[in-house]
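Following: one structure in structure tokens, then a few remarks.
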Amino acid sequence: MGFLNFLKYSRYEKALLEKYILEIAVMGLEPSRAMKMAKNMLDTSMSESKKDGSYYLPNNFGDIVLGEEKSGYPDVNKLAEVVRKRLPIYESEGVTKEDLKFWWNRPELSRRMALKTDEIRKYNFYYGLIAKSADGKLTEKEQQDCLKGFPVYGYPAAAISEDEDRRLPSELLFRVDQYIKKRSEDPESFNKEKSESSSFNALVRKAVRAGEL
């Protein structure tokens, strides 16, 4: 994709942009719209990460969080301590050390783009439903179907909770993606289990406890 010669982006940022243009286009969006959407996602990710100080996090941040490596930068150590305090909550959610490393040892922009792309998949589904509705709104059943059909991620709660529908830790995103691909090999069984769950997040938690994820 040689047309992506945006001077304001580094080589890595251009490569990331090209990767996500393709991922979005695969969802059925025309190339020009996929490019515009991916560029907006990247610009927003860069702006947000620079604002909260995470843009320059090292690519061994997961190792620093787990105490396996050290950083000479106070700001990095401060953020690592914030994440470290959540470790008991992560553990209760089924997040492993390997999950933490895999997630936090990735570049910050890669993490943010992965989450935003996951949101685009859900948006694309919502948009399709809304376009078909008479008043541009989702019915209560359609809203519930969306919650049953897609995982929702975010920072873990401040304390361990018994709410099965609460947001999943972002660190589980790639494991959940693999779980979805595997379960989709038997769509009838998978769809039945999703329909019987209060939400997709509840289904994921059940799978974690059963050792299936």
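A note on labels: chains of the structure tokens are A, B, ... as shown, every chain counts residues from 1, and ligands are counted from 1 in their shown order.
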Once you count only C-alpha atoms, what closest atom pair and distance in Å to one decimal does each residue of segment 82-144 of chain A within 8 Å of segment 58-76 of chain A have, with rows by chain and rising residue number, as CSV?
```
residue,atom,partner,partner_atom,distance
A:Val83,CA,A:Val65,CA,6.7
A:Arg84,CA,A:Val65,CA,5.7
A:Lys97,CA,A:Leu66,CA,7.8
A:Leu100,CA,A:Gly62,CA,6.0
A:Lys101,CA,A:Gly62,CA,4.5
A:Phe102,CA,A:Gly62,CA,7.5
A:Trp103,CA,A:Gly62,CA,7.3
A:Trp104,CA,A:Gly62,CA,4.5
A:Asn105,CA,A:Asn59,CA,4.7
A:Arg106,CA,A:Asn59,CA,5.6
A:Pro107,CA,A:Asn59,CA,5.7
```
- [ ] Kindly indicate which residue among A:Val95, A:Ile24, A:Phe125, A:Ser47 lies nearest to Phe150 of chain A, using only C-alpha atoms for the distances.
- [x] A:Phe125
Open item on the list: Show me, as a count of residues only, the residues that have an atom within 10 Å of Lys206 of chain A when counting only C-alpha atoms, minus same-chain residues fewer than 6 positions from it.
Closed with: 5
Task: Those in segment 60-201 of chain A with strand (DSSP E or B) from DSSP, as a list in words - done: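 After running DSSP on the backbone, segment 60-201 of chain A has strand (DSSP E or B) at Tyr153, Gly154, Leu168 and Pro169 of chain A.
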